[in-house]
Each structure stands twice: as structure tokens, then as C-alpha cells.
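Source file work_20.txt; content: compact mmCIF, C-alpha atoms.
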```
# COMPACT_ATOMS: atom_id res chain seq x y z
CA MET A 1 -22.26 34.92 -9.78
CA LYS A 2 -18.46 35.34 -9.80
CA CYS A 3 -18.48 35.13 -6.01
CA LEU A 4 -20.47 31.89 -6.11
CA LYS A 5 -18.05 30.37 -8.63
CA LEU A 6 -15.12 31.39 -6.41
CA ILE A 7 -16.75 29.81 -3.34
CA ILE A 8 -17.43 26.58 -5.25
CA ALA A 9 -13.85 26.49 -6.53
CA CYS A 10 -12.45 27.04 -3.02
CA CYS A 11 -14.68 24.34 -1.52
CA THR A 12 -13.63 21.92 -4.25
CA LEU A 13 -9.96 22.60 -3.51
CA VAL A 14 -10.47 22.03 0.22
CA VAL A 15 -12.35 18.77 -0.33
CA CYS A 16 -9.76 17.51 -2.82
CA ALA A 17 -6.87 18.49 -0.56
CA CYS A 18 -8.41 16.75 2.45
CA SER A 19 -9.27 13.54 0.64
CA ASP A 20 -5.88 13.44 -1.09
CA ALA A 21 -4.07 13.88 2.24
CA THR A 22 -6.04 10.97 3.69
CA LEU A 23 -5.20 8.74 0.74
CA LYS A 24 -1.58 9.82 0.65
CA ARG A 25 -1.13 8.93 4.34
CA GLY A 26 -1.92 5.32 3.53
CA TYR A 27 -0.43 4.01 6.74
CA GLY A 28 -1.68 1.63 9.35
CA GLU A 29 -0.62 1.88 12.97
CA THR A 30 -0.65 -1.92 13.06
CA PRO A 31 -0.29 -4.56 10.36
CA GLU A 32 -3.96 -5.38 10.96
CA GLU A 33 -5.02 -1.79 10.25
CA LEU A 34 -3.06 -1.90 7.00
CA GLY A 35 -4.64 -5.27 6.13
CA ARG A 36 -8.12 -3.89 6.78
CA ALA A 37 -7.35 -0.94 4.49
CA VAL A 38 -6.27 -3.33 1.72
CA VAL A 39 -9.47 -5.38 2.09
CA SER A 40 -11.57 -2.20 2.10
CA ALA A 41 -9.87 -1.01 -1.10
CA LEU A 42 -10.41 -4.40 -2.74
CA ASN A 43 -14.08 -4.42 -1.75
CA ALA A 44 -14.44 -0.92 -3.22
CA LYS A 45 -12.57 -2.00 -6.39
CA SER A 46 -10.27 0.97 -5.79
CA ALA A 47 -6.92 0.65 -7.51
CA GLU A 48 -6.22 4.23 -6.41
CA ASN A 49 -6.65 3.39 -2.72
CA LEU A 50 -4.45 0.30 -3.10
CA PHE A 51 -1.81 2.42 -4.78
CA HIS A 52 -1.81 4.92 -1.90
CA LEU A 53 -1.25 2.22 0.73
CA ARG A 54 2.29 1.66 -0.48
CA VAL A 55 5.60 3.44 -0.17
CA ASP A 56 5.97 6.24 -2.70
CA LYS A 57 8.99 7.00 -4.86
CA ASP A 58 10.44 9.67 -2.57
CA GLN A 59 10.13 7.48 0.52
CA TYR A 60 11.75 4.58 -1.27
CA ILE A 61 14.67 6.55 -2.70
CA ASP A 62 15.28 8.91 0.24
CA GLU A 63 14.47 6.75 3.26
CA LEU A 64 14.68 3.06 2.39
CA TRP A 65 17.22 2.69 -0.41
CA PRO A 66 20.19 4.19 1.48
CA GLU A 67 19.83 1.51 4.18
CA PHE A 68 19.72 -1.52 1.90
CA PRO A 69 22.95 -3.59 1.83
CA SER A 70 25.64 -2.40 -0.55
CA LYS A 71 25.13 -5.41 -2.82
CA HIS A 72 21.85 -3.80 -3.87
CA ASN A 73 23.70 -0.63 -4.76
CA SER A 74 25.27 -2.08 -7.91
CA PHE A 75 22.43 -0.26 -9.68
CA THR A 76 20.78 3.06 -8.99
CA ALA A 77 17.88 3.77 -6.67
CA GLU A 78 15.92 5.05 -9.67
CA PHE A 79 16.43 1.74 -11.49
CA ALA A 80 15.39 -0.28 -8.42
CA TRP A 81 12.31 1.91 -7.91
CA SER A 82 11.37 1.59 -11.58
CA ASN A 83 11.43 -2.22 -11.39
CA LEU A 84 9.49 -2.31 -8.12
CA ASN A 85 6.97 0.19 -9.44
CA LYS A 86 6.42 -1.77 -12.68
CA ARG A 87 5.57 -4.91 -10.69
CA THR A 88 3.15 -2.97 -8.53
CA LEU A 89 1.49 -1.20 -11.46
CA LYS A 90 1.04 -4.60 -13.11
CA GLY A 91 -0.22 -6.27 -9.93
CA ILE A 92 -2.79 -3.76 -8.66
CA PRO A 93 -5.17 -3.92 -11.66
CA LYS A 94 -4.91 -7.71 -11.68
CA TRP A 95 -5.81 -7.94 -7.97
CA VAL A 96 -8.70 -5.49 -8.34
CA GLN A 97 -10.03 -7.52 -11.27
CA ASN A 98 -9.61 -10.88 -9.49
CA TYR A 99 -10.64 -9.91 -5.94
CA GLY A 100 -12.37 -6.54 -6.19
CA GLY A 101 -15.99 -6.12 -5.12
CA LYS A 102 -16.14 -9.56 -3.45
CA ASN A 103 -17.29 -8.18 -0.08
CA TYR A 104 -14.51 -9.89 1.87
CA ASP A 105 -14.03 -9.49 5.62
CA PHE A 106 -10.52 -9.03 7.00
CA VAL A 107 -9.38 -11.96 9.16
CA ARG A 108 -5.62 -11.48 9.64
CA ILE A 109 -2.33 -10.55 8.08
CA ARG A 110 0.77 -12.62 8.72
CA PHE A 111 4.36 -12.81 7.60
CA THR A 112 6.02 -16.10 6.69
CA ARG A 113 9.59 -14.79 6.44
CA PRO A 114 11.79 -13.42 9.23
CA THR A 115 11.70 -9.66 9.82
CA ARG A 116 14.74 -7.84 8.45
CA ASP A 117 15.94 -4.98 10.65
CA TYR A 118 17.49 -1.86 9.17
CA LYS A 119 18.65 1.28 10.95
CA THR A 120 15.34 3.20 10.77
CA PHE A 121 12.84 0.61 9.57
CA LYS A 122 11.93 -3.07 9.50
CA LEU A 123 10.95 -5.09 6.48
CA ARG A 124 8.43 -7.90 6.92
CA GLY A 125 8.20 -10.39 4.09
CA GLY A 126 6.13 -13.33 2.95
CA THR A 127 2.94 -11.35 3.49
CA VAL A 128 -0.27 -13.38 3.55
CA LEU A 129 -3.63 -11.62 3.79
CA THR A 130 -6.43 -13.86 5.08
CA VAL A 131 -10.00 -12.87 4.27
CA LYS A 132 -13.41 -14.39 4.86
CA THR A 133 -15.69 -14.77 1.86
CA PRO A 134 -19.40 -13.88 2.05
CA GLU A 135 -20.00 -17.65 2.28
CA GLY A 136 -17.93 -17.77 5.48
CA LYS A 137 -14.86 -19.53 4.05
CA GLU A 138 -11.37 -18.26 4.87
CA ARG A 139 -9.08 -17.61 1.94
CA ASP A 140 -5.38 -16.67 1.88
CA LEU A 141 -4.48 -13.97 -0.64
CA HIS A 142 -0.84 -13.85 -1.74
CA ILE A 143 -1.06 -10.46 -3.43
CA LEU A 144 1.10 -8.29 -1.18
CA GLY A 145 4.83 -7.79 -1.26
CA SER A 146 6.83 -6.85 1.80
CA VAL A 147 5.54 -4.47 4.47
CA VAL A 148 7.67 -1.62 5.82
CA GLU A 149 7.44 -0.78 9.52
CA LYS A 150 8.80 2.70 10.18
CA GLU A 151 8.15 5.04 13.10
CA ARG A 152 5.21 2.99 14.42
CA TYR A 153 3.49 2.89 11.02
CA TYR A 154 3.10 0.17 8.44
CA ARG A 155 3.02 0.61 4.69
CA LEU A 156 3.24 -1.77 1.75
CA LEU A 157 6.48 -1.82 -0.16
CA SER A 158 4.81 -3.36 -3.20
CA TYR A 159 2.11 -5.63 -4.56
CA ASP A 160 3.04 -8.92 -6.14
CA ASP A 161 2.50 -9.14 -9.86
```

For the file at hand, write its structure as C-alpha cells.
Amino acid sequence: MKCLKLIIACCTLVVCACSDATLKRGYGETPEELGRAVVSALNAKSAENLFHLRVDKDQYIDELWPEFPSKHNSFTAEFAWSNLNKRTLKGIPKWVQNYGGKNYDFVRIRFTRPTRDYKTFKLRGGTVLTVKTPEGKERDLHILGSVVEKERYYRLLSYDD
């Protein structure tokens, strides 16, 4: 019986570790792949999956923040992250409530603002996610903040609130 409990515990750890790694990755190799992941998370009403499609605190503070222009450095990286994170934590539940479970199809993702180039990443702004409703109508969702392109991968910087 103890052996069976140990096997079940080990299997549970492996399954949790594998699924967590997949969620934590959260990247798309193209903007379209990222857009499809957002639509899939909305259709599943998964705030957790939406959360994991964005830059995390360590990535923001260690990789992105140091490259932002010095005018942004009049306050700390922690303060900037806290503000960005608050907007996202406010936005995700709202978007899941408003658009979750609607069975949308991904159509396209586009950016209405010029790309900003930094040393090791690009920031694409004015993100518009276009979906098709079950009735066949296209709808633009303005729920996403900027998208970070880094090392051939795309990840959301934030969700609009």
C-alpha cells in the first residue's frame, strides 16, 4: 500500500511538472501562434493559461527593464512591474468573463503602432486580435497590451485593463 501511494505521488509530480512547464513556456514562434493560444485560452475560460502567455516578473526585471530608455528609470523596476502586473491582473478576469467560452476562431493578430527595437528584443504595440464568432462575423478584440519578440519567440507583455 505504501508503495502504491509512493507511485501515485511520483506520477502526480511528473504530470504536474510537465503541464506546468508547458504553461510556463507560454511562447509562440509567430505572432499568429501566440494569438491562437490567446483565443484557445479564452474559449477554455482559462485565466491561468492567459496569465502564462505573458512575460513573468523575472523576465521583465532582468531582461526587458534594463533596456528601456533611461527616462523610464526614474522609478524602480519593481514599481514598474507592480503597475503593469496590476493592470494585467485586473484585465484577465474581465476578458475571461466578457469573451470566455464563446467558441471563437482565430483570424489574425496585427499591430497598429510601429515596432520599437531594443538591443535584445522588439516591442510591438497597438495589438488587435481578430476572431470569428460562431455566427461567422469577424470581431476585433482590443484586450492585449504590447507583444515582446525575443529570440524568435513572442510573448505578451500585458493585457489591457

Give one line per residue of stretch 13-112 of chain A that approaches stretch 138-155 of chain A to at most 10 Å, naming the two atoms of the closest pair and their distance in Å to one decimal, counting all atoms listed in the file; sort by chain then ascending residue number and deliver it as CSV.
```
residue,atom,partner,partner_atom,distance
A:Arg25,CA,A:Arg155,CA,9.3
A:Gly26,CA,A:Arg155,CA,6.9
A:Tyr27,CA,A:Arg155,CA,5.3
A:Gly28,CA,A:Tyr154,CA,5.1
A:Glu29,CA,A:Tyr153,CA,4.7
A:Thr30,CA,A:Tyr154,CA,6.3
A:Pro31,CA,A:Tyr154,CA,6.1
A:Glu32,CA,A:Tyr154,CA,9.3
A:Glu33,CA,A:Tyr154,CA,8.5
A:Leu34,CA,A:Tyr154,CA,6.7
A:Gly35,CA,A:Tyr154,CA,9.7
A:Val38,CA,A:Leu144,CA,9.3
A:His52,CA,A:Arg155,CA,9.2
A:Leu53,CA,A:Arg155,CA,6.0
A:Arg54,CA,A:Arg155,CA,5.3
A:Val55,CA,A:Arg155,CA,6.2
A:Asp56,CA,A:Arg155,CA,9.7
A:Glu63,CA,A:Lys150,CA,9.8
A:Leu64,CA,A:Val148,CA,9.1
A:Leu84,CA,A:Gly145,CA,9.9
A:Arg87,CA,A:Gly145,CA,9.9
A:Thr88,CA,A:Gly145,CA,8.9
A:Gly91,CA,A:Ile143,CA,7.8
A:Ile92,CA,A:Ile143,CA,8.7
A:Lys94,CA,A:Ile143,CA,9.5
A:Trp95,CA,A:Ile143,CA,7.0
A:Tyr99,CA,A:Leu141,CA,9.1
A:Tyr104,CA,A:Glu138,CA,9.4
A:Asp105,CA,A:Glu138,CA,9.2
A:Phe106,CA,A:Glu138,CA,9.5
A:Val107,CA,A:Glu138,CA,7.9
A:Arg108,CA,A:Asp140,CA,9.3
A:Ile109,CA,A:Asp140,CA,9.2
A:Phe111,CA,A:Ser146,CA,8.7
```

Print the selection's residues with C-alpha atoms to a file, as an mmCIF file, in the coordinates of the input.
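Writing the result to again38.cif gives the following:
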```
data_model
loop_
_atom_site.group_PDB
_atom_site.id
_atom_site.type_symbol
_atom_site.label_atom_id
_atom_site.label_comp_id
_atom_site.auth_asym_id
_atom_site.auth_seq_id
_atom_site.Cartn_x
_atom_site.Cartn_y
_atom_site.Cartn_z
ATOM 1 C CA ARG A 25 -1.130 8.930 4.340
ATOM 2 C CA GLY A 26 -1.920 5.320 3.530
ATOM 3 C CA TYR A 27 -0.430 4.010 6.740
ATOM 4 C CA GLY A 28 -1.680 1.630 9.350
ATOM 5 C CA GLU A 29 -0.620 1.880 12.970
ATOM 6 C CA THR A 30 -0.650 -1.920 13.060
ATOM 7 C CA PRO A 31 -0.290 -4.560 10.360
ATOM 8 C CA GLU A 32 -3.960 -5.380 10.960
ATOM 9 C CA GLU A 33 -5.020 -1.790 10.250
ATOM 10 C CA LEU A 34 -3.060 -1.900 7.000
ATOM 11 C CA GLY A 35 -4.640 -5.270 6.130
ATOM 12 C CA VAL A 38 -6.270 -3.330 1.720
ATOM 13 C CA HIS A 52 -1.810 4.920 -1.900
ATOM 14 C CA LEU A 53 -1.250 2.220 0.730
ATOM 15 C CA ARG A 54 2.290 1.660 -0.480
ATOM 16 C CA VAL A 55 5.600 3.440 -0.170
ATOM 17 C CA ASP A 56 5.970 6.240 -2.700
ATOM 18 C CA GLU A 63 14.470 6.750 3.260
ATOM 19 C CA LEU A 64 14.680 3.060 2.390
ATOM 20 C CA LEU A 84 9.490 -2.310 -8.120
ATOM 21 C CA ARG A 87 5.570 -4.910 -10.690
ATOM 22 C CA THR A 88 3.150 -2.970 -8.530
ATOM 23 C CA GLY A 91 -0.220 -6.270 -9.930
ATOM 24 C CA ILE A 92 -2.790 -3.760 -8.660
ATOM 25 C CA LYS A 94 -4.910 -7.710 -11.680
ATOM 26 C CA TRP A 95 -5.810 -7.940 -7.970
ATOM 27 C CA TYR A 99 -10.640 -9.910 -5.940
ATOM 28 C CA TYR A 104 -14.510 -9.890 1.870
ATOM 29 C CA ASP A 105 -14.030 -9.490 5.620
ATOM 30 C CA PHE A 106 -10.520 -9.030 7.000
ATOM 31 C CA VAL A 107 -9.380 -11.960 9.160
ATOM 32 C CA ARG A 108 -5.620 -11.480 9.640
ATOM 33 C CA ILE A 109 -2.330 -10.550 8.080
ATOM 34 C CA PHE A 111 4.360 -12.810 7.600
#
```

For this session: Provide the atom CA of A:Ser70 to atom CA of A:Thr115 distance in Å, to one decimal place.
Result: 18.8 Å

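Residues in contact with stretch 74-82 of chain A at up to 12 Å, not including ones fewer than 3 positions away on its chain and judged by all atoms listed in the file, are A:Val55, A:Asp56, A:Lys57, A:Asp58, A:Gln59, A:Tyr60, A:Ile61, A:Asp62, A:Glu63, A:Leu64, A:Trp65, A:Pro66, A:Glu67, A:Phe68, A:Pro69, A:Ser70, A:Lys71, A:Asn85, A:Lys86, A:Arg87, A:Thr88, A:Leu89, A:Leu157, A:Ser158.
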
Write out, as an mmCIF file, keeping the file's coordinate frame, the residues just selected, with C-alpha atoms.
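The new file out_14.cif reads:
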```cif
data_model
loop_
_atom_site.group_PDB
_atom_site.id
_atom_site.type_symbol
_atom_site.label_atom_id
_atom_site.label_comp_id
_atom_site.auth_asym_id
_atom_site.auth_seq_id
_atom_site.Cartn_x
_atom_site.Cartn_y
_atom_site.Cartn_z
ATOM 1 C CA VAL A 55 5.600 3.440 -0.170
ATOM 2 C CA ASP A 56 5.970 6.240 -2.700
ATOM 3 C CA LYS A 57 8.990 7.000 -4.860
ATOM 4 C CA ASP A 58 10.440 9.670 -2.570
ATOM 5 C CA GLN A 59 10.130 7.480 0.520
ATOM 6 C CA TYR A 60 11.750 4.580 -1.270
ATOM 7 C CA ILE A 61 14.670 6.550 -2.700
ATOM 8 C CA ASP A 62 15.280 8.910 0.240
ATOM 9 C CA GLU A 63 14.470 6.750 3.260
ATOM 10 C CA LEU A 64 14.680 3.060 2.390
ATOM 11 C CA TRP A 65 17.220 2.690 -0.410
ATOM 12 C CA PRO A 66 20.190 4.190 1.480
ATOM 13 C CA GLU A 67 19.830 1.510 4.180
ATOM 14 C CA PHE A 68 19.720 -1.520 1.900
ATOM 15 C CA PRO A 69 22.950 -3.590 1.830
ATOM 16 C CA SER A 70 25.640 -2.400 -0.550
ATOM 17 C CA LYS A 71 25.130 -5.410 -2.820
ATOM 18 C CA ASN A 85 6.970 0.190 -9.440
ATOM 19 C CA LYS A 86 6.420 -1.770 -12.680
ATOM 20 C CA ARG A 87 5.570 -4.910 -10.690
ATOM 21 C CA THR A 88 3.150 -2.970 -8.530
ATOM 22 C CA LEU A 89 1.490 -1.200 -11.460
ATOM 23 C CA LEU A 157 6.480 -1.820 -0.160
ATOM 24 C CA SER A 158 4.810 -3.360 -3.200
#
```

Problem set entry | Atomic distance atom CA of A:Glu135 - atom CA of A:Phe51, expressed in Å with one decimal | 28.0 Å

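Compared by their closest atoms to A:Asp160, and using only C-alpha atoms, the residues A:Asn83, A:Thr133, A:Thr120, A:Thr112 rank with A:Asn83 nearest.
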
Nearby residues (all atoms listed in the file) at most 6 Å from A:Gly100, same-chain spacing under 3 positions excluded, as a compact mmCIF listing (two decimals) with C-alpha atoms, in the frame of the given file:
```txt
# COMPACT_ATOMS: atom_id res chain seq x y z
CA LEU A 42 -10.41 -4.40 -2.74
CA ASN A 43 -14.08 -4.42 -1.75
CA LYS A 45 -12.57 -2.00 -6.39
CA VAL A 96 -8.70 -5.49 -8.34
CA GLN A 97 -10.03 -7.52 -11.27
```

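Atom to atom, atom CA of A:Val39 and atom CA of A:Lys132 stand 10.2 Å apart.
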